[in-house]
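What follows is run.txt (compact mmCIF, C-alpha atoms).
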# COMPACT_ATOMS: atom_id res chain seq x y z
CA MET V 1 -53.88 31.14 -184.93
CA SER V 2 -55.66 30.12 -188.13
CA SER V 3 -58.11 27.27 -187.61
CA TYR V 4 -56.88 25.41 -190.70
CA LYS V 5 -55.20 22.13 -189.84
CA ILE V 6 -51.91 21.85 -191.75
CA ARG V 7 -50.16 18.50 -191.60
CA LYS V 8 -46.85 18.80 -189.81
CA THR V 9 -43.90 17.87 -192.01
CA GLN V 10 -40.40 16.73 -191.13
CA GLY V 11 -38.87 20.01 -192.21
CA ASN V 12 -39.58 23.24 -190.35
CA THR V 13 -42.21 25.01 -192.44
CA GLU V 14 -43.37 27.38 -189.70
CA TRP V 15 -41.39 30.32 -191.06
CA PHE V 16 -42.24 29.35 -194.65
CA LEU V 17 -45.97 29.67 -193.97
CA LYS V 18 -45.41 33.21 -192.70
CA ASP V 19 -42.88 34.57 -195.18
CA ARG V 20 -44.97 33.61 -198.24
CA PHE V 21 -42.80 35.19 -200.95
CA GLY V 22 -39.42 34.19 -202.35
CA MET V 23 -36.98 34.68 -205.22
CA PHE V 24 -35.86 31.88 -207.54
CA ILE V 25 -32.63 32.48 -209.46
CA HIS V 26 -31.82 30.46 -212.58
CA PHE V 27 -28.23 31.05 -213.61
CA GLY V 28 -25.81 28.88 -215.56
CA LEU V 29 -24.01 28.37 -218.85
CA TYR V 30 -27.34 28.63 -220.68
CA SER V 31 -27.39 32.33 -219.73
CA LEU V 32 -24.78 32.94 -222.45
CA SER V 33 -27.05 31.47 -225.12
CA ALA V 34 -29.83 33.83 -223.96
CA ARG V 35 -32.37 31.49 -225.48
CA HIS V 36 -33.78 29.30 -222.72
CA GLU V 37 -32.30 27.23 -219.90
CA TRP V 38 -33.20 24.04 -221.82
CA VAL V 39 -31.27 25.17 -224.91
CA LYS V 40 -28.89 22.19 -224.73
CA THR V 41 -31.67 19.67 -225.22
CA LEU V 42 -34.10 21.80 -227.23
CA GLU V 43 -31.38 22.20 -229.87
CA GLU V 44 -29.77 18.78 -229.15
CA ILE V 45 -26.33 20.31 -228.59
CA PRO V 46 -23.54 17.79 -227.80
CA ASP V 47 -20.96 18.52 -225.10
CA GLU V 48 -18.20 19.48 -227.50
CA LYS V 49 -20.32 22.28 -228.99
CA TYR V 50 -21.84 23.33 -225.66
CA ASP V 51 -18.34 23.75 -224.21
CA LYS V 52 -18.05 27.21 -225.79
CA TYR V 53 -20.32 28.48 -223.01
CA PHE V 54 -18.09 26.95 -220.34
CA GLU V 55 -14.99 28.45 -221.91
CA ASN V 56 -16.55 31.92 -222.05
CA PHE V 57 -18.51 32.00 -218.77
CA ASN V 58 -17.43 35.18 -216.98
CA PRO V 59 -20.21 37.12 -215.22
CA ASP V 60 -17.93 40.11 -214.64
CA MET V 61 -20.80 42.33 -213.39
CA PHE V 62 -22.06 39.81 -210.84
CA ASP V 63 -22.55 41.31 -207.40
CA ALA V 64 -24.24 38.98 -204.90
CA SER V 65 -24.92 41.90 -202.58
CA GLU V 66 -26.82 43.70 -205.35
CA TRP V 67 -28.92 40.60 -206.01
CA ALA V 68 -29.73 40.29 -202.31
CA LYS V 69 -30.61 43.95 -201.91
CA LYS V 70 -32.97 43.78 -204.90
CA ALA V 71 -34.66 40.69 -203.46
CA LYS V 72 -35.13 42.42 -200.12
CA ALA V 73 -36.42 45.62 -201.74
CA ALA V 74 -38.95 43.51 -203.67
CA GLY V 75 -40.28 42.11 -200.39
CA MET V 76 -38.88 38.61 -200.87
CA LYS V 77 -38.12 36.73 -197.66
CA TYR V 78 -36.25 33.69 -198.99
CA ALA V 79 -34.29 32.73 -202.10
CA VAL V 80 -33.39 29.59 -204.05
CA LEU V 81 -30.41 29.45 -206.44
CA THR V 82 -29.74 26.85 -209.13
CA THR V 83 -26.49 25.35 -207.82
CA LYS V 84 -26.65 22.89 -210.74
CA HIS V 85 -29.27 22.85 -213.48
CA HIS V 86 -29.97 20.06 -216.00
CA GLU V 87 -26.93 21.01 -218.07
CA GLY V 88 -24.77 19.65 -215.23
CA PHE V 89 -22.67 22.80 -214.71
CA CYS V 90 -22.01 23.61 -211.04
CA LEU V 91 -22.01 27.14 -209.64
CA PHE V 92 -20.13 25.85 -206.59
CA ASP V 93 -16.58 24.58 -206.10
CA SER V 94 -17.31 20.86 -206.03
CA LYS V 95 -14.39 18.48 -205.60
CA TYR V 96 -16.25 15.79 -207.55
CA THR V 97 -16.19 17.46 -210.97
CA ASP V 98 -14.13 19.76 -213.16
CA TYR V 99 -17.34 21.06 -214.73
CA LYS V 100 -17.66 23.90 -212.27
CA ILE V 101 -17.54 27.66 -212.05
CA THR V 102 -14.08 27.83 -210.48
CA ASN V 103 -12.67 26.35 -213.71
CA THR V 104 -14.22 29.05 -215.90
CA PRO V 105 -12.76 32.51 -216.57
CA PHE V 106 -14.89 33.75 -213.64
CA GLY V 107 -12.95 31.54 -211.25
CA ARG V 108 -14.96 32.12 -208.06
CA ASP V 109 -17.47 30.10 -206.02
CA LEU V 110 -20.68 31.96 -206.82
CA VAL V 111 -22.76 29.88 -204.40
CA LYS V 112 -20.56 30.98 -201.51
CA GLU V 113 -20.99 34.64 -202.40
CA TYR V 114 -24.75 34.21 -202.85
CA VAL V 115 -25.15 32.57 -199.44
CA GLU V 116 -23.16 35.24 -197.63
CA ALA V 117 -24.90 38.16 -199.32
CA PHE V 118 -28.46 36.92 -198.87
CA ARG V 119 -27.89 35.97 -195.24
CA ALA V 120 -26.50 39.47 -194.66
CA GLU V 121 -29.83 40.91 -195.81
CA GLY V 122 -31.82 38.59 -193.51
CA ILE V 123 -33.10 36.47 -196.40
CA LYS V 124 -33.36 32.73 -195.87
CA VAL V 125 -31.19 30.69 -198.22
CA GLY V 126 -32.16 27.79 -200.44
CA PHE V 127 -30.47 25.60 -203.06
CA TYR V 128 -31.91 24.08 -206.23
CA TYR V 129 -30.19 20.91 -207.42
CA SER V 130 -31.09 19.17 -210.68
CA LEU V 131 -31.55 15.42 -210.53
CA LEU V 132 -31.06 15.40 -214.30
CA ASP V 133 -27.53 15.86 -215.57
CA TRP V 134 -26.91 16.10 -219.32
CA HIS V 135 -23.13 16.34 -218.89
CA HIS V 136 -22.32 13.46 -216.55
CA PRO V 137 -21.03 10.46 -218.55
CA ASP V 138 -23.05 7.94 -216.52
CA TYR V 139 -26.37 9.79 -216.48
CA GLN V 140 -28.96 7.87 -218.50
CA ILE V 141 -29.95 8.97 -221.98
CA ASP V 142 -33.71 9.41 -221.82
CA LEU V 143 -36.43 11.31 -223.60
CA PHE V 144 -35.12 14.66 -222.29
CA HIS V 145 -31.43 14.07 -222.97
CA PRO V 146 -29.68 16.09 -225.73
CA LEU V 147 -28.32 12.81 -227.19
CA ARG V 148 -31.73 11.12 -227.38
CA ASN V 149 -31.67 11.09 -231.19
CA ALA V 150 -28.00 10.19 -231.61
CA PRO V 151 -27.63 7.10 -233.89
CA ASP V 152 -25.89 5.14 -231.13
CA ALA V 153 -27.92 6.50 -228.18
CA GLU V 154 -29.30 3.09 -227.16
CA GLU V 155 -25.85 1.51 -227.26
CA GLN V 156 -24.37 4.44 -225.31
CA ASN V 157 -26.99 3.98 -222.65
CA LYS V 158 -25.99 0.36 -222.09
CA ARG V 159 -22.51 1.55 -221.10
CA ARG V 160 -23.79 4.13 -218.62
CA ASP V 161 -23.93 3.27 -214.92
CA MET V 162 -26.55 5.20 -212.94
CA SER V 163 -25.14 3.90 -209.66
CA LYS V 164 -22.01 5.97 -210.36
CA TYR V 165 -24.17 9.00 -211.08
CA ARG V 166 -26.12 8.48 -207.84
CA GLU V 167 -22.87 8.39 -205.89
CA TYR V 168 -21.85 11.64 -207.57
CA MET V 169 -25.21 13.21 -206.75
CA PHE V 170 -25.07 12.15 -203.09
CA ASN V 171 -21.56 13.54 -202.78
CA GLN V 172 -22.53 16.89 -204.23
CA VAL V 173 -25.65 17.24 -202.09
CA ARG V 174 -23.49 16.47 -199.05
CA GLU V 175 -21.08 19.23 -200.13
CA LEU V 176 -23.87 21.75 -200.48
CA LEU V 177 -25.21 20.97 -197.03
CA ASN V 178 -21.85 20.90 -195.25
CA ASN V 179 -19.85 23.67 -196.90
CA TYR V 180 -22.14 26.70 -196.69
CA GLY V 181 -23.63 26.69 -193.20
CA LYS V 182 -27.21 25.80 -192.39
CA ILE V 183 -29.40 25.83 -195.51
CA ASP V 184 -33.13 26.53 -195.17
CA LEU V 185 -34.53 24.94 -198.34
CA LEU V 186 -33.46 22.27 -200.82
CA TRP V 187 -35.38 22.06 -204.09
CA PHE V 188 -34.78 19.03 -206.31
CA ASP V 189 -35.96 18.82 -209.92
CA PHE V 190 -37.45 16.45 -211.28
CA THR V 191 -38.96 12.93 -211.54
CA TYR V 192 -40.91 11.54 -214.51
CA SER V 193 -42.23 8.01 -214.18
CA ASP V 194 -44.27 7.80 -217.42
CA LEU V 195 -45.65 9.97 -220.19
CA GLU V 196 -48.86 10.71 -218.30
CA SER V 197 -47.02 11.88 -215.18
CA MET V 198 -45.19 14.69 -216.94
CA ASP V 199 -46.70 18.15 -216.63
CA ASN V 200 -43.84 20.37 -217.75
CA ASP V 201 -43.58 22.66 -220.75
CA PHE V 202 -41.55 20.22 -222.84
CA ASN V 203 -43.87 17.24 -223.18
CA GLN V 204 -44.47 17.70 -226.88
CA PHE V 205 -40.84 17.64 -227.98
CA ALA V 206 -40.06 14.83 -225.52
CA ILE V 207 -42.98 12.60 -226.46
CA LYS V 208 -42.25 12.76 -230.20
CA ASP V 209 -38.67 11.58 -229.49
CA TYR V 210 -39.62 8.85 -227.04
CA LYS V 211 -38.31 5.36 -227.83
CA GLU V 212 -39.15 2.10 -226.09
CA TRP V 213 -35.62 1.58 -224.75
CA MET V 214 -35.60 4.89 -222.90
CA PRO V 215 -35.60 4.69 -219.10
CA TRP V 216 -37.96 6.52 -216.76
CA THR V 217 -37.18 7.97 -213.36
CA ASN V 218 -38.66 7.31 -209.95
CA ALA V 219 -37.63 7.31 -206.29
CA GLU V 220 -35.56 4.20 -206.90
CA THR V 221 -33.61 5.94 -209.68
CA TRP V 222 -32.41 8.57 -207.22
CA ASP V 223 -32.41 6.30 -204.12
CA SER V 224 -34.60 9.03 -202.70
CA GLU V 225 -35.27 7.48 -199.29
CA ASN V 226 -31.57 7.23 -198.48
CA LEU V 227 -30.89 10.63 -200.00
CA VAL V 228 -33.51 12.24 -197.77
CA LYS V 229 -32.23 10.29 -194.76
CA MET V 230 -28.74 11.66 -195.37
CA ILE V 231 -30.05 15.20 -195.79
CA ARG V 232 -32.07 15.15 -192.59
CA GLU V 233 -29.19 13.69 -190.61
CA ILE V 234 -27.17 16.75 -191.62
CA ASN V 235 -30.02 19.26 -191.28
CA PRO V 236 -33.28 18.03 -189.68
CA ASP V 237 -35.06 21.37 -190.17
CA ILE V 238 -34.45 21.80 -193.90
CA ILE V 239 -37.49 22.06 -196.19
CA ILE V 240 -37.44 19.63 -199.14
CA ASP V 241 -39.75 19.76 -202.16
CA ASN V 242 -41.78 16.90 -203.64
CA ARG V 243 -39.82 16.17 -206.82
CA LEU V 244 -37.82 13.19 -205.61
CA GLY V 245 -40.73 10.84 -206.23
CA ILE V 246 -41.57 10.58 -202.53
CA GLU V 247 -43.70 12.74 -200.26
CA GLN V 248 -41.77 15.50 -198.52
CA ASP V 249 -42.53 18.95 -197.09
CA THR V 250 -44.01 20.92 -200.00
CA ILE V 251 -45.82 20.42 -203.28
CA THR V 252 -44.72 22.68 -206.12
CA PRO V 253 -47.06 23.43 -209.03
CA GLU V 254 -45.02 25.08 -211.78
CA GLN V 255 -46.27 27.97 -213.92
CA THR V 256 -49.70 27.41 -212.40
CA HIS V 257 -51.26 27.13 -208.98
CA THR V 258 -54.20 25.39 -207.43
CA PRO V 259 -57.59 27.18 -207.27
CA THR V 260 -58.18 25.66 -203.83
CA TRP V 261 -55.88 24.75 -200.97
CA PRO V 262 -54.58 21.19 -201.63
CA GLU V 263 -55.47 18.59 -199.00
CA TYR V 264 -54.36 15.11 -197.99
CA SER V 265 -57.07 12.71 -199.13
CA ASP V 266 -56.87 10.52 -196.03
CA THR V 267 -57.35 13.21 -193.37
CA GLY V 268 -58.39 16.42 -195.12
CA GLU V 269 -55.39 18.19 -193.60
CA LYS V 270 -54.00 21.05 -195.66
CA ARG V 271 -50.75 20.67 -197.56
CA VAL V 272 -47.85 23.10 -197.60
CA TRP V 273 -47.52 24.34 -201.17
CA GLU V 274 -45.66 26.84 -203.30
CA SER V 275 -46.20 28.01 -206.87
CA TRP V 276 -43.06 28.26 -209.04
CA GLN V 277 -43.46 31.13 -211.50
CA THR V 278 -41.48 33.22 -213.97
CA PHE V 279 -41.71 36.87 -214.94
CA SER V 280 -41.74 35.72 -218.57
CA GLY V 281 -41.88 32.43 -220.46
CA ALA V 282 -38.37 31.24 -219.53
CA TRP V 283 -36.44 30.54 -216.35
CA GLY V 284 -32.96 31.29 -217.64
CA TYR V 285 -32.16 34.60 -219.29
CA SER V 286 -33.92 34.74 -222.66
CA ARG V 287 -33.09 37.91 -224.56
CA ASP V 288 -35.85 37.71 -227.20
CA GLU V 289 -38.65 36.29 -225.03
CA MET V 290 -41.43 38.87 -224.86
CA SER V 291 -44.31 37.33 -222.90
CA TRP V 292 -43.54 39.24 -219.70
CA LYS V 293 -46.26 39.53 -217.08
CA THR V 294 -47.64 42.98 -216.37
CA PRO V 295 -47.21 44.46 -212.87
CA GLU V 296 -50.89 43.85 -212.15
CA MET V 297 -50.59 40.19 -213.20
CA LEU V 298 -47.60 39.79 -210.87
CA ILE V 299 -49.42 41.25 -207.87
CA ARG V 300 -52.56 39.24 -208.58
CA LEU V 301 -50.49 36.07 -208.72
CA LEU V 302 -49.06 36.69 -205.25
CA ILE V 303 -52.45 37.50 -203.74
CA SER V 304 -54.04 34.49 -205.40
CA CYS V 305 -51.45 32.08 -203.95
CA VAL V 306 -51.79 33.38 -200.40
CA SER V 307 -55.59 33.48 -200.70
CA THR V 308 -55.54 29.69 -201.09
CA GLY V 309 -52.95 29.04 -198.39
CA GLY V 310 -49.85 28.95 -200.60
CA ASN V 311 -46.52 30.64 -201.24
CA LEU V 312 -45.16 32.23 -204.40
CA ILE V 313 -41.57 32.04 -205.61
CA MET V 314 -40.83 34.27 -208.59
CA ASN V 315 -37.84 33.63 -210.83
CA VAL V 316 -35.13 35.94 -212.09
CA GLY V 317 -32.77 34.81 -214.87
CA PRO V 318 -29.67 37.04 -214.72
CA THR V 319 -27.80 37.92 -217.91
CA SER V 320 -24.52 36.11 -218.60
CA ARG V 321 -22.67 39.16 -217.27
CA GLY V 322 -24.37 38.58 -213.92
CA PHE V 323 -26.88 41.41 -213.58
CA PHE V 324 -30.69 41.51 -213.72
CA ASP V 325 -31.93 43.08 -216.93
CA LYS V 326 -34.27 46.10 -216.90
CA ARG V 327 -37.41 44.00 -217.40
CA ALA V 328 -36.63 41.95 -214.31
CA ASP V 329 -35.78 45.07 -212.33
CA LYS V 330 -39.15 46.62 -213.22
CA ALA V 331 -40.98 43.48 -212.15
CA LEU V 332 -39.15 43.43 -208.84
CA GLU V 333 -39.85 47.11 -208.33
CA ALA V 334 -43.57 46.52 -208.88
CA TYR V 335 -43.59 43.97 -206.08
CA GLY V 336 -41.54 46.19 -203.79
CA GLU V 337 -43.74 49.24 -204.28
CA TRP V 338 -46.96 47.30 -203.64
CA LEU V 339 -45.69 45.25 -200.70
CA ARG V 340 -44.17 48.29 -198.99
CA VAL V 341 -47.66 49.44 -198.06
CA ASN V 342 -49.75 46.29 -198.55
CA GLY V 343 -47.40 43.64 -197.18
CA ARG V 344 -49.54 43.19 -194.08
CA SER V 345 -52.10 41.44 -196.29
CA ILE V 346 -49.50 38.86 -197.45
CA TYR V 347 -46.94 38.14 -194.74
CA ASP V 348 -48.15 35.93 -191.89
CA CYS V 349 -51.46 35.59 -193.74
CA THR V 350 -53.37 32.70 -195.24
CA MET V 351 -56.71 31.72 -196.77
CA ALA V 352 -59.64 33.49 -195.14
CA GLU V 353 -61.89 31.46 -192.87
CA PRO V 354 -64.81 29.81 -194.76
CA GLU V 355 -67.38 32.13 -193.19
CA PHE V 356 -65.96 35.04 -195.18
CA ILE V 357 -67.08 35.15 -198.81
CA ALA V 358 -65.10 37.29 -201.23
CA PRO V 359 -67.21 39.92 -203.00
CA ILE V 360 -67.26 39.61 -206.79
CA GLY V 361 -64.03 40.96 -208.26
CA SER V 362 -61.99 40.57 -205.07
CA MET V 363 -59.77 38.08 -203.24
CA LEU V 364 -59.44 37.59 -199.50
CA THR V 365 -56.56 36.83 -197.19
CA GLN V 366 -56.61 36.73 -193.40
CA SER V 367 -53.93 37.14 -190.76
CA ASN V 368 -52.88 33.91 -189.09
CA ASP V 369 -54.04 35.25 -185.73
CA GLU V 370 -57.52 35.70 -187.31
CA LYS V 371 -57.76 39.32 -186.14
CA ARG V 372 -57.64 40.99 -189.56
CA LEU V 373 -59.27 40.29 -192.90
CA TYR V 374 -57.94 41.74 -196.15
CA ILE V 375 -60.15 42.49 -199.15
CA HIS V 376 -58.05 42.83 -202.31
CA LEU V 377 -59.98 44.89 -204.84
CA ILE V 378 -58.92 43.19 -208.07
CA ASP V 379 -61.77 44.90 -209.96
CA TYR V 380 -62.35 48.25 -208.35
CA PRO V 381 -66.07 48.56 -207.48
CA TYR V 382 -68.16 50.99 -209.48
CA SER V 383 -70.14 51.66 -206.33
CA ASP V 384 -69.82 50.73 -202.68
CA LEU V 385 -68.66 47.23 -201.82
CA LEU V 386 -71.13 44.77 -200.34
CA MET V 387 -69.98 41.76 -198.32
CA GLN V 388 -72.16 38.95 -197.01
CA ASN V 389 -72.35 37.56 -193.46
CA MET V 390 -70.27 40.36 -191.99
CA ALA V 391 -72.71 42.44 -189.93
CA GLY V 392 -71.62 42.78 -186.34
CA LYS V 393 -68.16 41.32 -186.96
CA ILE V 394 -66.17 44.48 -187.79
CA SER V 395 -64.70 47.04 -185.44
CA TYR V 396 -62.83 49.17 -187.99
CA SER V 397 -61.78 49.25 -191.65
CA GLN V 398 -59.24 51.22 -193.63
CA LEU V 399 -57.37 51.36 -196.91
CA LEU V 400 -54.09 49.62 -196.22
CA GLN V 401 -52.03 51.74 -198.59
CA ASP V 402 -52.45 54.95 -196.61
CA GLY V 403 -54.43 54.07 -193.47
CA SER V 404 -57.42 56.16 -194.52
CA GLU V 405 -60.71 55.10 -192.97
CA VAL V 406 -63.22 53.17 -195.03
CA ILE V 407 -66.65 53.79 -193.54
CA PHE V 408 -68.89 50.72 -193.30
CA HIS V 409 -72.55 50.12 -192.49
CA ASP V 410 -74.13 46.96 -191.06
CA ASN V 411 -77.33 46.04 -192.86
CA ALA V 412 -80.36 44.21 -191.46
CA ASP V 413 -79.83 41.28 -193.86
CA GLY V 414 -76.40 40.54 -192.38
CA THR V 415 -74.40 42.23 -195.13
CA VAL V 416 -71.95 45.07 -194.68
CA ARG V 417 -71.60 47.99 -197.08
CA PHE V 418 -68.14 49.49 -197.38
CA VAL V 419 -68.15 53.08 -198.65
CA THR V 420 -65.21 52.89 -201.03
CA PRO V 421 -63.56 56.02 -202.48
CA LYS V 422 -65.37 57.13 -205.61
CA ILE V 423 -62.07 57.53 -207.41
CA LYS V 424 -59.80 54.50 -207.42
CA PRO V 425 -56.75 55.17 -205.25
CA ASP V 426 -53.36 55.30 -206.96
CA GLY V 427 -51.45 52.07 -207.32
CA ILE V 428 -52.19 48.47 -208.24
CA ILE V 429 -54.95 46.56 -206.44
CA PRO V 430 -56.05 48.56 -203.39
CA VAL V 431 -56.58 46.57 -200.17
CA ILE V 432 -59.17 47.14 -197.45
CA GLU V 433 -57.94 46.04 -194.04
CA VAL V 434 -60.82 44.91 -191.84
CA VAL V 435 -60.23 44.73 -188.08
CA LEU V 436 -62.43 41.96 -186.75
CA LYS V 437 -64.20 42.00 -183.37
Encoded form using structure tokens:
Amino acid sequence: MSSYKIRKTQGNTEWFLKDRFGMFIHFGLYSLSARHEWVKTLEEIPDEKYDKYFENFNPDMFDASEWAKKAKAAGMKYAVLTTKHHEGFCLFDSKYTDYKITNTPFGRDLVKEYVEAFRAEGIKVGFYYSLLDWHHPDYQIDLFHPLRNAPDAEEQNKRRDMSKYREYMFNQVRELLNNYGKIDLLWFDFTYSDLESMDNDFNQFAIKDYKEWMPWTNAETWDSENLVKMIREINPDIIIDNRLGIEQDTITPEQTHTPTWPEYSDTGEKRVWESWQTFSGAWGYSRDEMSWKTPEMLIRLLISCVSTGGNLIMNVGPTSRGFFDKRADKALEAYGEWLRVNGRSIYDCTMAEPEFIAPIGSMLTQSNDEKRLYIHLIDYPYSDLLMQNMAGKISYSQLLQDGSEVIFHDNADGTVRFVTPKIKPDGIIPVIEVVLK
């Protein structure tokens, strides 16, 4: 196994460190607006005007089996669905609210169908649950709330009772863990203890609206220790993210990732981490958003995460009718096509051992059993590839995409010269698989 020492967490991350690649799904009432999952607060829409989305929510083309099959074809091994986003709308049949999918024209428990379909495809199942709730009458009005600029916002806040909201939150989390079988992951979102601690995309609009009376959030706000205790009593193996304000199983950089493998400062042990990313600039369906990543950018992102010991979860925002639009389909197809032949360099792989130095224009991953090294040719070499400190360490090398031999020569200075094809092979980012002695 890899020599890197990863701190053991309470949740079972063994499979997570092998599977490496997952699908995030952001779906909710905001999908009807088609202009960002934060539309309710970005446009400061009150409940009575936002209700039009609830009254018209009917994803008539939703097919959980189709979603699951597309995730599997893309090479994704686990999935996380937004059971409730910040808007407060629930995609599950909760007995603690009327603001749920079974009370819309759609009328079905989408979470139930999602769980069954993804399990049927052998994909591990996760839930996202927003700590924020812009619909609940007792949730605090803060710098992210749609009512933050209402004339009576401060007075409204004095009448709100967060203990009632916490009880509601605990009850719903308990439902999610008890009503759908054993869940593999639980992603909460998010905690903000002061202006400096926030690293999301919405700092600028939030900061300009900040007022001294506005509350912050921390582990005490959510009663995180007791929440986690309850969760682990129900499911000891579940993986929990780090957004409750207390240390849990994973850290989750969003729309970025770390250039090196994060470590615990006290021991130097490696941390389990996952980068949250979107195909474009929004998480929910955004019809007019055009900053979509190219197929090469998508593949590079996956390689880059694994090359520093991390996972990648890529988001799809279905349309309000319940299907993935063509841009999302093309992105998923790019992953599927590349991973079909190059997946060995991603699954059950991690950061290469320190003795191996990536040639300029490439990234390295290594199998967890340390028997194979993978050279990802981000910039295809103009001439043969030279790698340091490799002489005498290789028994065989080949292009992973077709198994064609890549001849190599040991040099007297300890380097190895790989004789790469003079014409770049078809496809995105060729990979040389090196069998180590």
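The shortest atom-to-atom distance to Asp402 of chain V, with all atoms listed in the file taken into account, belongs to V:Val431 out of V:Leu186, V:Val431, V:Leu302, V:Leu332.
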Residue contacts of Ser397 of chain V (9 Å, only C-alpha atoms) excluding same-chain residues fewer than 2 positions away, as a PDB file with C-alpha atoms, in the coordinates of the input:
ATOM      1  CA  ILE V 394     -66.170  44.480-187.790  1.00  0.00           C
ATOM      2  CA  SER V 395     -64.700  47.040-185.440  1.00  0.00           C
ATOM      3  CA  LEU V 399     -57.370  51.360-196.910  1.00  0.00           C
ATOM      4  CA  LEU V 400     -54.090  49.620-196.220  1.00  0.00           C
ATOM      5  CA  GLY V 403     -54.430  54.070-193.470  1.00  0.00           C
ATOM      6  CA  SER V 404     -57.420  56.160-194.520  1.00  0.00           C
ATOM      7  CA  GLU V 405     -60.710  55.100-192.970  1.00  0.00           C
ATOM      8  CA  VAL V 406     -63.220  53.170-195.030  1.00  0.00           C
ATOM      9  CA  ILE V 407     -66.650  53.790-193.540  1.00  0.00           C
ATOM     10  CA  PHE V 408     -68.890  50.720-193.300  1.00  0.00           C
ATOM     11  CA  PHE V 418     -68.140  49.490-197.380  1.00  0.00           C
ATOM     12  CA  ILE V 432     -59.170  47.140-197.450  1.00  0.00           C
ATOM     13  CA  GLU V 433     -57.940  46.040-194.040  1.00  0.00           C
ATOM     14  CA  VAL V 434     -60.820  44.910-191.840  1.00  0.00           C
ATOM     15  CA  VAL V 435     -60.230  44.730-188.080  1.00  0.00           C
ATOM     16  CA  LEU V 436     -62.430  41.960-186.750  1.00  0.00           C
TER      17      LEU V 436
END
Need to verify the contact set: Met363 of chain V, 12 Å, all atoms listed in the file, exclusion of same-chain residues closer than 6 positions in sequence. Can you return it as a PDB file with C-alpha atoms, keeping the file's coordinate frame?
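Contents of the output file selection_12.pdb:
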ATOM      1  CA  PRO V 259     -57.590  27.180-207.270  1.00  0.00           C
ATOM      2  CA  ILE V 299     -49.420  41.250-207.870  1.00  0.00           C
ATOM      3  CA  ARG V 300     -52.560  39.240-208.580  1.00  0.00           C
ATOM      4  CA  LEU V 301     -50.490  36.070-208.720  1.00  0.00           C
ATOM      5  CA  LEU V 302     -49.060  36.690-205.250  1.00  0.00           C
ATOM      6  CA  ILE V 303     -52.450  37.500-203.740  1.00  0.00           C
ATOM      7  CA  SER V 304     -54.040  34.490-205.400  1.00  0.00           C
ATOM      8  CA  CYS V 305     -51.450  32.080-203.950  1.00  0.00           C
ATOM      9  CA  VAL V 306     -51.790  33.380-200.400  1.00  0.00           C
ATOM     10  CA  SER V 307     -55.590  33.480-200.700  1.00  0.00           C
ATOM     11  CA  THR V 308     -55.540  29.690-201.090  1.00  0.00           C
ATOM     12  CA  SER V 345     -52.100  41.440-196.290  1.00  0.00           C
ATOM     13  CA  ILE V 346     -49.500  38.860-197.450  1.00  0.00           C
ATOM     14  CA  THR V 350     -53.370  32.700-195.240  1.00  0.00           C
ATOM     15  CA  MET V 351     -56.710  31.720-196.770  1.00  0.00           C
ATOM     16  CA  ALA V 352     -59.640  33.490-195.140  1.00  0.00           C
ATOM     17  CA  PHE V 356     -65.960  35.040-195.180  1.00  0.00           C
ATOM     18  CA  ILE V 357     -67.080  35.150-198.810  1.00  0.00           C
ATOM     19  CA  LEU V 373     -59.270  40.290-192.900  1.00  0.00           C
ATOM     20  CA  TYR V 374     -57.940  41.740-196.150  1.00  0.00           C
ATOM     21  CA  ILE V 375     -60.150  42.490-199.150  1.00  0.00           C
ATOM     22  CA  HIS V 376     -58.050  42.830-202.310  1.00  0.00           C
ATOM     23  CA  LEU V 377     -59.980  44.890-204.840  1.00  0.00           C
ATOM     24  CA  ILE V 378     -58.920  43.190-208.070  1.00  0.00           C
ATOM     25  CA  ASP V 379     -61.770  44.900-209.960  1.00  0.00           C
ATOM     26  CA  TYR V 380     -62.350  48.250-208.350  1.00  0.00           C
ATOM     27  CA  MET V 387     -69.980  41.760-198.320  1.00  0.00           C
ATOM     28  CA  ILE V 429     -54.950  46.560-206.440  1.00  0.00           C
ATOM     29  CA  PRO V 430     -56.050  48.560-203.390  1.00  0.00           C
ATOM     30  CA  VAL V 431     -56.580  46.570-200.170  1.00  0.00           C
ATOM     31  CA  ILE V 432     -59.170  47.140-197.450  1.00  0.00           C
TER      32      ILE V 432
END
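Between Met214 of chain V and the residues V:Glu155, V:Ala73, V:Pro295, V:Asn103, the shortest atom-to-atom distance, using only C-alpha atoms, involves V:Glu155.
Straight-line separation from atom CA of Glu113 of chain V to atom CA of Phe170 of chain V: 22.9 Å.
Atom CA of Ala74 of chain V is positioned 8.7 Å from atom CA of Ala331 of chain V.
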(message) Which residues are near segment 121-129 of chain V? Cut-off 8 Å, only C-alpha atoms, ignore same chain within fewer than 4 positions. Put them as number ranges by chain.
(response) V: 68-69, 72, 76-85, 115, 117, 173, 183-189
(message) One number please: atom CA of Gly310 of chain V to atom CA of Gly343 of chain V, in Å, one decimal.
(response) 15.3 Å
(message) Can you tell me which residues surround segment 33-47 of chain V at a distance of at most 6 Å, considering only C-alpha atoms, apart from same-chain residues fewer than 6 positions away, and format the answer as a VMD selection string?
(response) chain V and resid 146 282 284 to 287
(request) Choose the residue, out of V:Asp266, V:Leu227, V:Thr278, V:Asn56, that has the smallest atom-to-atom separation from Ala328 of chain V; count all atoms listed in the file. (result) V:Thr278
Listed atoms of segment 324-333 of chain V boxed axis-aligned with 4 Å per side, centre + edges as AutoDock Vina command-line options:
--center_x -35.8 --center_y 44.3 --center_z -212.9 --size_x 18.3 --size_y 13.6 --size_z 17.1
(request) Would you be able to write out as a PyMOL selection string which residues have an atom within 12 Å of (-40.8, 18.2, -204.5) in the file's coordinates, counting all atoms listed in the file? (result) chain V and resi 128-131+185-191+219+224+228+239-254+272-276
